[in-house]
Amino acid sequence: MNRFEGKVALVTGGGRGIGKATVARFAAEGAKVTAADLAFDDDVAGLCVETDVTDRDAVEAAVARTVEEHGGLDILVTCAGIIRDNLVFKMTDDDWEAVIATHLRGTFLATQAAQAYMTQHGGGKMVLISSSSAQGNRGQLNYSAAKAGIQGMTWTLAIELGRFDINVNCVAPGFVSTAMTRQTAERIGVDFEDFQKHAAEETPLKRIGEPEDIAGVIAFLCSEDASYVSGQVIYVRGGP
C-alpha cells in the first residue's frame with residue numbers, strides 16, 4: 001500500500017512507542033516523515049528533530065524544518081506525552097503542571113503551528129492522541145484531565161478548521177505495551193509481565209494492544225478513506 005505517496009507527516013512524540021510505530025507506518029506507505037521528540041530509539045524511520053513540545057519556538061522550528069526538508073506538511077499526529085501518576089492527596093504542583101503542559105500545551109502548539117501552514121496550502125489531516133484514561137483512572141488525575149481536554153480540543157479544531165479542508169480526529173488507546181505502561185507498573189510495584197497479563201484478562205479481546213494497533217487506526221484517519229470523518233474520538237482498547 002502506498003496511500004501516503006507524496007505526503008508529508010509530522011509526528012510529535014515520534015521517537016518511541018505509539019509515535020514511533022506511527023512514523024514507521026507512514027514511511028512504509030510512502031510518506032516523508034518527521035519524528036519530533038526529546039529522545040529517539042535507534043531505528044526510527046523518519047527525520048528526527050529534537051523538540052520540546054512545550055516550547056513554542058521548538059515546535060514552530062520542527063514544523064518549519066519539516067516543510068523545508070520534505071517540501072510541505074499534510075499530516076500532523078500529536079503523540080508526545082508523559083505521566084506523573086499519583087493519588088490526588090500526594091500529587092504535587094510539578095506533577096500537575098508537567099503533564100498538563102506536555103499534553104495540552106504541546107498539542108495546542110503543534111496544531112496551531114501546523115494549521116498555519118495547512119490553511120494556506122490546501123488542507124490536511126490531524127490526529128490527536130487521547131487515552132481511555134480520559135474517562136477516569138485511579139492515580140491519574142492530571143493525565144485524565146489532560147486526555148479529556150484533548151478530546152475537547154479535537155471537537156473544537158474540527159469545527160474551526162473544517163472549512164479549510166482539514167480533518168481533525170482523535171484516537172484514545174487503552175492499554176498498550178509501551179515504556180509508559182512499564183513506568184505505571186513500576187510505580188505501583190508490580191511485575192510488568194504480570195501487569196500485562198492482568199490487563200489482557202480485563203480486555204474483551206483478551207490481549208493487550210501493541211503500538212502498531214494504534215498506528216493502523218491513525219493511518220486510516222489520515223488516509224483518503226476517512227476524508228469525510230472529522231471531529232471523532234475513536235477508542236482503540238480491544239473492546240467497548
# chains A, B, ... in the order shown; residues from 1 in each chain; ligands from 1

$ select_by_dssp --residues "chain A" --states "alpha helix (DSSP H)" --output "ChimeraX atom specification"
/A:17-28,56-70,93-100,106-118,141-161,179-188,192-201,211-222

$ closest_atom_pairs --of "range 22-80 of chain A" --to "range 115-136 of chain A" --cutoff "12 Å" --atoms "only C-alpha atoms" --output "JSON lines"
{"residue": "A:Thr22", "atom": "CA", "partner": "A:Val127", "partner_atom": "CA", "distance": 11.0}
{"residue": "A:Glu60", "atom": "CA", "partner": "A:Ala116", "partner_atom": "CA", "distance": 10.0}
{"residue": "A:Val63", "atom": "CA", "partner": "A:Tyr117", "partner_atom": "CA", "distance": 8.7}
{"residue": "A:Ala64", "atom": "CA", "partner": "A:Tyr117", "partner_atom": "CA", "distance": 9.2}
{"residue": "A:Thr66", "atom": "CA", "partner": "A:Tyr117", "partner_atom": "CA", "distance": 11.1}
{"residue": "A:Val67", "atom": "CA", "partner": "A:Tyr117", "partner_atom": "CA", "distance": 8.8}
{"residue": "A:Glu68", "atom": "CA", "partner": "A:Tyr117", "partner_atom": "CA", "distance": 11.9}
{"residue": "A:Gly71", "atom": "CA", "partner": "A:His121", "partner_atom": "CA", "distance": 11.4}
{"residue": "A:Gly72", "atom": "CA", "partner": "A:Tyr117", "partner_atom": "CA", "distance": 8.3}
{"residue": "A:Leu73", "atom": "CA", "partner": "A:Met118", "partner_atom": "CA", "distance": 7.0}
{"residue": "A:Asp74", "atom": "CA", "partner": "A:Gly124", "partner_atom": "CA", "distance": 4.7}
{"residue": "A:Ile75", "atom": "CA", "partner": "A:Lys125", "partner_atom": "CA", "distance": 4.8}
{"residue": "A:Leu76", "atom": "CA", "partner": "A:Met126", "partner_atom": "CA", "distance": 4.7}
{"residue": "A:Val77", "atom": "CA", "partner": "A:Val127", "partner_atom": "CA", "distance": 4.8}
{"residue": "A:Thr78", "atom": "CA", "partner": "A:Leu128", "partner_atom": "CA", "distance": 5.0}
{"residue": "A:Cys79", "atom": "CA", "partner": "A:Ile129", "partner_atom": "CA", "distance": 5.6}
{"residue": "A:Ala80", "atom": "CA", "partner": "A:Ile129", "partner_atom": "CA", "distance": 8.4}

$ write_last_selection --atoms "all heavy atoms" --output "mmCIF file, in the first residue's frame"
data_model
loop_
_atom_site.group_PDB
_atom_site.id
_atom_site.type_symbol
_atom_site.label_atom_id
_atom_site.label_comp_id
_atom_site.auth_asym_id
_atom_site.auth_seq_id
_atom_site.Cartn_x
_atom_site.Cartn_y
_atom_site.Cartn_z
ATOM 1 N N THR A 22 3.842 4.872 14.511
ATOM 2 C CA THR A 22 3.109 5.689 13.541
ATOM 3 C C THR A 22 4.048 6.218 12.464
ATOM 4 O O THR A 22 3.717 6.219 11.267
ATOM 5 C CB THR A 22 2.400 6.839 14.261
ATOM 6 O OG1 THR A 22 1.499 6.292 15.248
ATOM 7 C CG2 THR A 22 1.613 7.707 13.296
ATOM 8 N N GLU A 60 7.500 25.319 16.479
ATOM 9 C CA GLU A 60 7.428 26.028 15.203
ATOM 10 C C GLU A 60 8.647 25.714 14.334
ATOM 11 O O GLU A 60 8.533 25.607 13.107
ATOM 12 C CB GLU A 60 7.281 27.520 15.445
ATOM 13 C CG GLU A 60 5.919 27.879 16.054
ATOM 14 C CD GLU A 60 5.752 29.356 16.341
ATOM 15 O OE1 GLU A 60 6.751 30.106 16.207
ATOM 16 O OE2 GLU A 60 4.628 29.766 16.702
ATOM 17 N N VAL A 63 8.072 22.296 12.672
ATOM 18 C CA VAL A 63 7.186 22.433 11.516
ATOM 19 C C VAL A 63 7.937 23.051 10.342
ATOM 20 O O VAL A 63 7.859 22.565 9.197
ATOM 21 C CB VAL A 63 5.941 23.266 11.878
ATOM 22 C CG1 VAL A 63 5.138 23.615 10.623
ATOM 23 C CG2 VAL A 63 5.062 22.509 12.874
ATOM 24 N N ALA A 64 8.690 24.110 10.611
ATOM 25 C CA ALA A 64 9.426 24.795 9.546
ATOM 26 C C ALA A 64 10.458 23.869 8.905
ATOM 27 O O ALA A 64 10.621 23.856 7.674
ATOM 28 C CB ALA A 64 10.115 26.035 10.107
ATOM 29 N N THR A 66 10.340 20.593 8.798
ATOM 30 C CA THR A 66 9.603 19.583 8.030
ATOM 31 C C THR A 66 9.241 20.114 6.651
ATOM 32 O O THR A 66 9.445 19.451 5.627
ATOM 33 C CB THR A 66 8.328 19.165 8.787
ATOM 34 O OG1 THR A 66 8.697 18.587 10.043
ATOM 35 C CG2 THR A 66 7.519 18.164 7.987
ATOM 36 N N VAL A 67 8.708 21.330 6.617
ATOM 37 C CA VAL A 67 8.322 21.946 5.341
ATOM 38 C C VAL A 67 9.550 22.157 4.461
ATOM 39 O O VAL A 67 9.533 21.880 3.251
ATOM 40 C CB VAL A 67 7.591 23.278 5.597
ATOM 41 C CG1 VAL A 67 7.376 24.034 4.288
ATOM 42 C CG2 VAL A 67 6.257 23.032 6.295
ATOM 43 N N GLU A 68 10.645 22.616 5.068
ATOM 44 C CA GLU A 68 11.852 22.905 4.303
ATOM 45 C C GLU A 68 12.470 21.637 3.716
ATOM 46 O O GLU A 68 12.854 21.605 2.533
ATOM 47 C CB GLU A 68 12.869 23.608 5.202
ATOM 48 C CG GLU A 68 14.179 23.925 4.497
ATOM 49 C CD GLU A 68 15.204 24.596 5.410
ATOM 50 O OE1 GLU A 68 14.877 24.855 6.586
ATOM 51 O OE2 GLU A 68 16.331 24.837 4.940
ATOM 52 N N GLY A 71 9.276 19.427 1.879
ATOM 53 C CA GLY A 71 8.525 20.121 0.851
ATOM 54 C C GLY A 71 7.072 20.402 1.166
ATOM 55 O O GLY A 71 6.306 20.785 0.272
ATOM 56 N N GLY A 72 6.655 20.261 2.415
ATOM 57 C CA GLY A 72 5.267 20.560 2.769
ATOM 58 C C GLY A 72 4.893 19.946 4.098
ATOM 59 O O GLY A 72 5.749 19.461 4.847
ATOM 60 N N LEU A 73 3.603 19.965 4.393
ATOM 61 C CA LEU A 73 3.073 19.315 5.598
ATOM 62 C C LEU A 73 1.609 18.977 5.349
ATOM 63 O O LEU A 73 0.763 19.870 5.198
ATOM 64 C CB LEU A 73 3.188 20.232 6.818
ATOM 65 C CG LEU A 73 2.646 19.652 8.127
ATOM 66 C CD1 LEU A 73 3.389 18.377 8.519
ATOM 67 C CD2 LEU A 73 2.724 20.677 9.251
ATOM 68 N N ASP A 74 1.315 17.694 5.284
ATOM 69 C CA ASP A 74 -0.044 17.217 5.026
ATOM 70 C C ASP A 74 -0.700 16.575 6.234
ATOM 71 O O ASP A 74 -1.934 16.536 6.314
ATOM 72 C CB ASP A 74 -0.015 16.178 3.892
ATOM 73 C CG ASP A 74 0.634 16.717 2.633
ATOM 74 O OD1 ASP A 74 0.018 17.578 1.991
ATOM 75 O OD2 ASP A 74 1.761 16.284 2.322
ATOM 76 N N ILE A 75 0.109 16.060 7.156
ATOM 77 C CA ILE A 75 -0.412 15.262 8.272
ATOM 78 C C ILE A 75 0.299 15.651 9.559
ATOM 79 O O ILE A 75 1.524 15.778 9.583
ATOM 80 C CB ILE A 75 -0.187 13.757 8.011
ATOM 81 C CG1 ILE A 75 -0.985 13.283 6.788
ATOM 82 C CG2 ILE A 75 -0.543 12.927 9.245
ATOM 83 C CD1 ILE A 75 -0.524 11.932 6.252
ATOM 84 N N LEU A 76 -0.472 15.843 10.616
ATOM 85 C CA LEU A 76 0.080 16.037 11.960
ATOM 86 C C LEU A 76 -0.525 15.005 12.898
ATOM 87 O O LEU A 76 -1.745 14.841 12.934
ATOM 88 C CB LEU A 76 -0.246 17.438 12.493
ATOM 89 C CG LEU A 76 0.112 17.661 13.973
ATOM 90 C CD1 LEU A 76 1.630 17.714 14.167
ATOM 91 C CD2 LEU A 76 -0.542 18.932 14.503
ATOM 92 N N VAL A 77 0.324 14.324 13.654
ATOM 93 C CA VAL A 77 -0.132 13.418 14.709
ATOM 94 C C VAL A 77 0.559 13.832 15.997
ATOM 95 O O VAL A 77 1.788 13.946 16.043
ATOM 96 C CB VAL A 77 0.196 11.946 14.386
ATOM 97 C CG1 VAL A 77 -0.322 11.034 15.500
ATOM 98 C CG2 VAL A 77 -0.404 11.540 13.042
ATOM 99 N N THR A 78 -0.220 14.068 17.052
ATOM 100 C CA THR A 78 0.348 14.538 18.317
ATOM 101 C C THR A 78 0.384 13.403 19.340
ATOM 102 O O THR A 78 -0.579 13.159 20.047
ATOM 103 C CB THR A 78 -0.456 15.730 18.874
ATOM 104 O OG1 THR A 78 -1.813 15.336 19.096
ATOM 105 C CG2 THR A 78 -0.428 16.908 17.912
ATOM 106 N N CYS A 79 1.532 12.730 19.403
ATOM 107 C CA CYS A 79 1.704 11.585 20.308
ATOM 108 C C CYS A 79 2.493 11.930 21.567
ATOM 109 O O CYS A 79 2.582 11.090 22.467
ATOM 110 C CB CYS A 79 2.426 10.448 19.596
ATOM 111 S SG CYS A 79 1.417 9.524 18.430
ATOM 112 N N ALA A 80 3.116 13.088 21.621
ATOM 113 C CA ALA A 80 4.004 13.392 22.747
ATOM 114 C C ALA A 80 3.241 13.364 24.065
ATOM 115 O O ALA A 80 2.162 13.964 24.181
ATOM 116 C CB ALA A 80 4.647 14.762 22.547
#

$ closest_residue --among "A:Asp194, A:Glu201, A:Asp37, A:Glu212" --to "Gly239 in chain A" --atoms "only C-alpha atoms"
A:Glu201

$ residues_around --residues "range 218-234 of chain A" --least-positions-apart "4" --cutoff "9 Å" --atoms "only C-alpha atoms" --output "PyMOL selection string"
chain A and resi 3-4+22+25-26+75-77+124-127+130+151+154-159+162+166-173+214

$ residues_around --residues "Ile208 in chain A" --least-positions-apart "3" --cutoff "7 Å" --atoms "only C-alpha atoms" --output "PyMOL selection string"
chain A and resi 175-177+196+199-200

$ decode --residues "range 146-161 of chain A" --atoms "all heavy atoms" --output "CSV table (one decimal), in the first residue's frame"
chain,number,residue,atom,x,y,z
A,146,ALA,N,-5.9,15.9,31.3
A,146,ALA,CA,-5.2,16.3,30.0
A,146,ALA,C,-5.8,15.6,28.8
A,146,ALA,O,-6.1,16.2,27.8
A,146,ALA,CB,-3.7,16.1,30.1
A,147,LYS,N,-6.0,14.3,29.0
A,147,LYS,CA,-6.5,13.5,27.9
A,147,LYS,C,-8.0,13.8,27.6
A,147,LYS,O,-8.4,13.7,26.4
A,147,LYS,CB,-6.3,12.0,28.2
A,147,LYS,CG,-4.9,11.6,28.1
A,147,LYS,CD,-4.2,11.9,26.8
A,147,LYS,CE,-2.8,11.2,26.7
A,147,LYS,NZ,-2.2,11.6,25.4
A,148,ALA,N,-8.8,14.1,28.6
A,148,ALA,CA,-10.1,14.6,28.3
A,148,ALA,C,-10.1,15.9,27.6
A,148,ALA,O,-10.9,16.2,26.7
A,148,ALA,CB,-10.9,14.7,29.6
A,149,GLY,N,-9.2,16.8,28.0
A,149,GLY,CA,-9.0,18.1,27.3
A,149,GLY,C,-8.7,18.0,25.8
A,149,GLY,O,-9.2,18.7,25.0
A,150,ILE,N,-7.9,17.0,25.5
A,150,ILE,CA,-7.5,16.8,24.1
A,150,ILE,C,-8.7,16.4,23.3
A,150,ILE,O,-8.8,16.8,22.1
A,150,ILE,CB,-6.4,15.7,24.0
A,150,ILE,CG1,-5.1,16.3,24.5
A,150,ILE,CG2,-6.3,15.1,22.6
A,150,ILE,CD1,-3.9,15.3,24.6
A,151,GLN,N,-9.7,15.7,23.9
A,151,GLN,CA,-10.9,15.3,23.1
A,151,GLN,C,-11.7,16.6,22.9
A,151,GLN,O,-12.2,16.8,21.8
A,151,GLN,CB,-11.7,14.3,23.9
A,151,GLN,CG,-11.0,13.0,24.1
A,151,GLN,CD,-11.9,11.9,24.7
A,151,GLN,OE1,-13.1,12.0,24.7
A,151,GLN,NE2,-11.2,10.8,25.1
A,152,GLY,N,-11.8,17.5,23.8
A,152,GLY,CA,-12.4,18.8,23.6
A,152,GLY,C,-11.7,19.6,22.5
A,152,GLY,O,-12.4,20.3,21.7
A,153,MET,N,-10.4,19.6,22.5
A,153,MET,CA,-9.7,20.3,21.5
A,153,MET,C,-10.0,19.7,20.1
A,153,MET,O,-10.1,20.5,19.1
A,153,MET,CB,-8.1,20.2,21.8
A,153,MET,CG,-7.7,20.9,23.0
A,153,MET,SD,-5.9,20.6,23.4
A,153,MET,CE,-5.1,21.5,22.1
A,154,THR,N,-10.1,18.4,20.0
A,154,THR,CA,-10.4,17.8,18.8
A,154,THR,C,-11.7,18.3,18.2
A,154,THR,O,-11.8,18.7,17.0
A,154,THR,CB,-10.5,16.2,18.9
A,154,THR,OG1,-9.3,15.7,19.4
A,154,THR,CG2,-10.9,15.5,17.6
A,155,TRP,N,-12.8,18.3,19.0
A,155,TRP,CA,-14.1,18.8,18.5
A,155,TRP,C,-14.0,20.2,18.1
A,155,TRP,O,-14.6,20.6,17.0
A,155,TRP,CB,-15.1,18.6,19.6
A,155,TRP,CG,-15.3,17.1,20.0
A,155,TRP,CD1,-15.4,16.1,19.1
A,155,TRP,CD2,-15.4,16.6,21.3
A,155,TRP,NE1,-15.5,14.9,19.8
A,155,TRP,CE2,-15.6,15.2,21.1
A,155,TRP,CE3,-15.5,17.1,22.6
A,155,TRP,CZ2,-15.7,14.3,22.2
A,155,TRP,CZ3,-15.6,16.3,23.6
A,155,TRP,CH2,-15.7,14.9,23.5
A,156,THR,N,-13.4,21.1,18.8
A,156,THR,CA,-13.3,22.5,18.5
A,156,THR,C,-12.4,22.7,17.3
A,156,THR,O,-12.8,23.5,16.4
A,156,THR,CB,-12.7,23.3,19.7
A,156,THR,OG1,-13.5,23.1,20.8
A,156,THR,CG2,-12.6,24.8,19.4
A,157,LEU,N,-11.3,22.1,17.2
A,157,LEU,CA,-10.5,22.2,16.0
A,157,LEU,C,-11.2,21.7,14.7
A,157,LEU,O,-11.1,22.3,13.6
A,157,LEU,CB,-9.2,21.5,16.1
A,157,LEU,CG,-8.2,22.1,17.1
A,157,LEU,CD1,-7.1,21.1,17.5
A,157,LEU,CD2,-7.6,23.4,16.6
A,158,ALA,N,-11.9,20.6,14.8
A,158,ALA,CA,-12.7,20.1,13.7
A,158,ALA,C,-13.7,21.2,13.2
A,158,ALA,O,-13.9,21.4,12.0
A,158,ALA,CB,-13.4,18.8,14.0
A,159,ILE,N,-14.3,21.9,14.1
A,159,ILE,CA,-15.3,22.9,13.8
A,159,ILE,C,-14.6,24.1,13.1
A,159,ILE,O,-15.0,24.6,12.1
A,159,ILE,CB,-16.1,23.4,15.0
A,159,ILE,CG1,-17.0,22.2,15.5
A,159,ILE,CG2,-16.9,24.6,14.7
A,159,ILE,CD1,-17.6,22.5,16.9
A,160,GLU,N,-13.5,24.5,13.7
A,160,GLU,CA,-12.8,25.7,13.2
A,160,GLU,C,-12.1,25.5,11.9
A,160,GLU,O,-12.0,26.4,11.1
A,160,GLU,CB,-11.8,26.2,14.3
A,160,GLU,CG,-12.5,26.8,15.5
A,160,GLU,CD,-11.5,27.4,16.5
A,160,GLU,OE1,-10.3,27.6,16.1
A,160,GLU,OE2,-11.9,27.8,17.6
A,161,LEU,N,-11.5,24.3,11.7
A,161,LEU,CA,-10.6,24.1,10.6
A,161,LEU,C,-11.3,23.3,9.4
A,161,LEU,O,-10.7,23.2,8.4
A,161,LEU,CB,-9.4,23.3,11.0
A,161,LEU,CG,-8.5,24.0,12.1
A,161,LEU,CD1,-7.4,23.1,12.5
A,161,LEU,CD2,-8.0,25.4,11.6
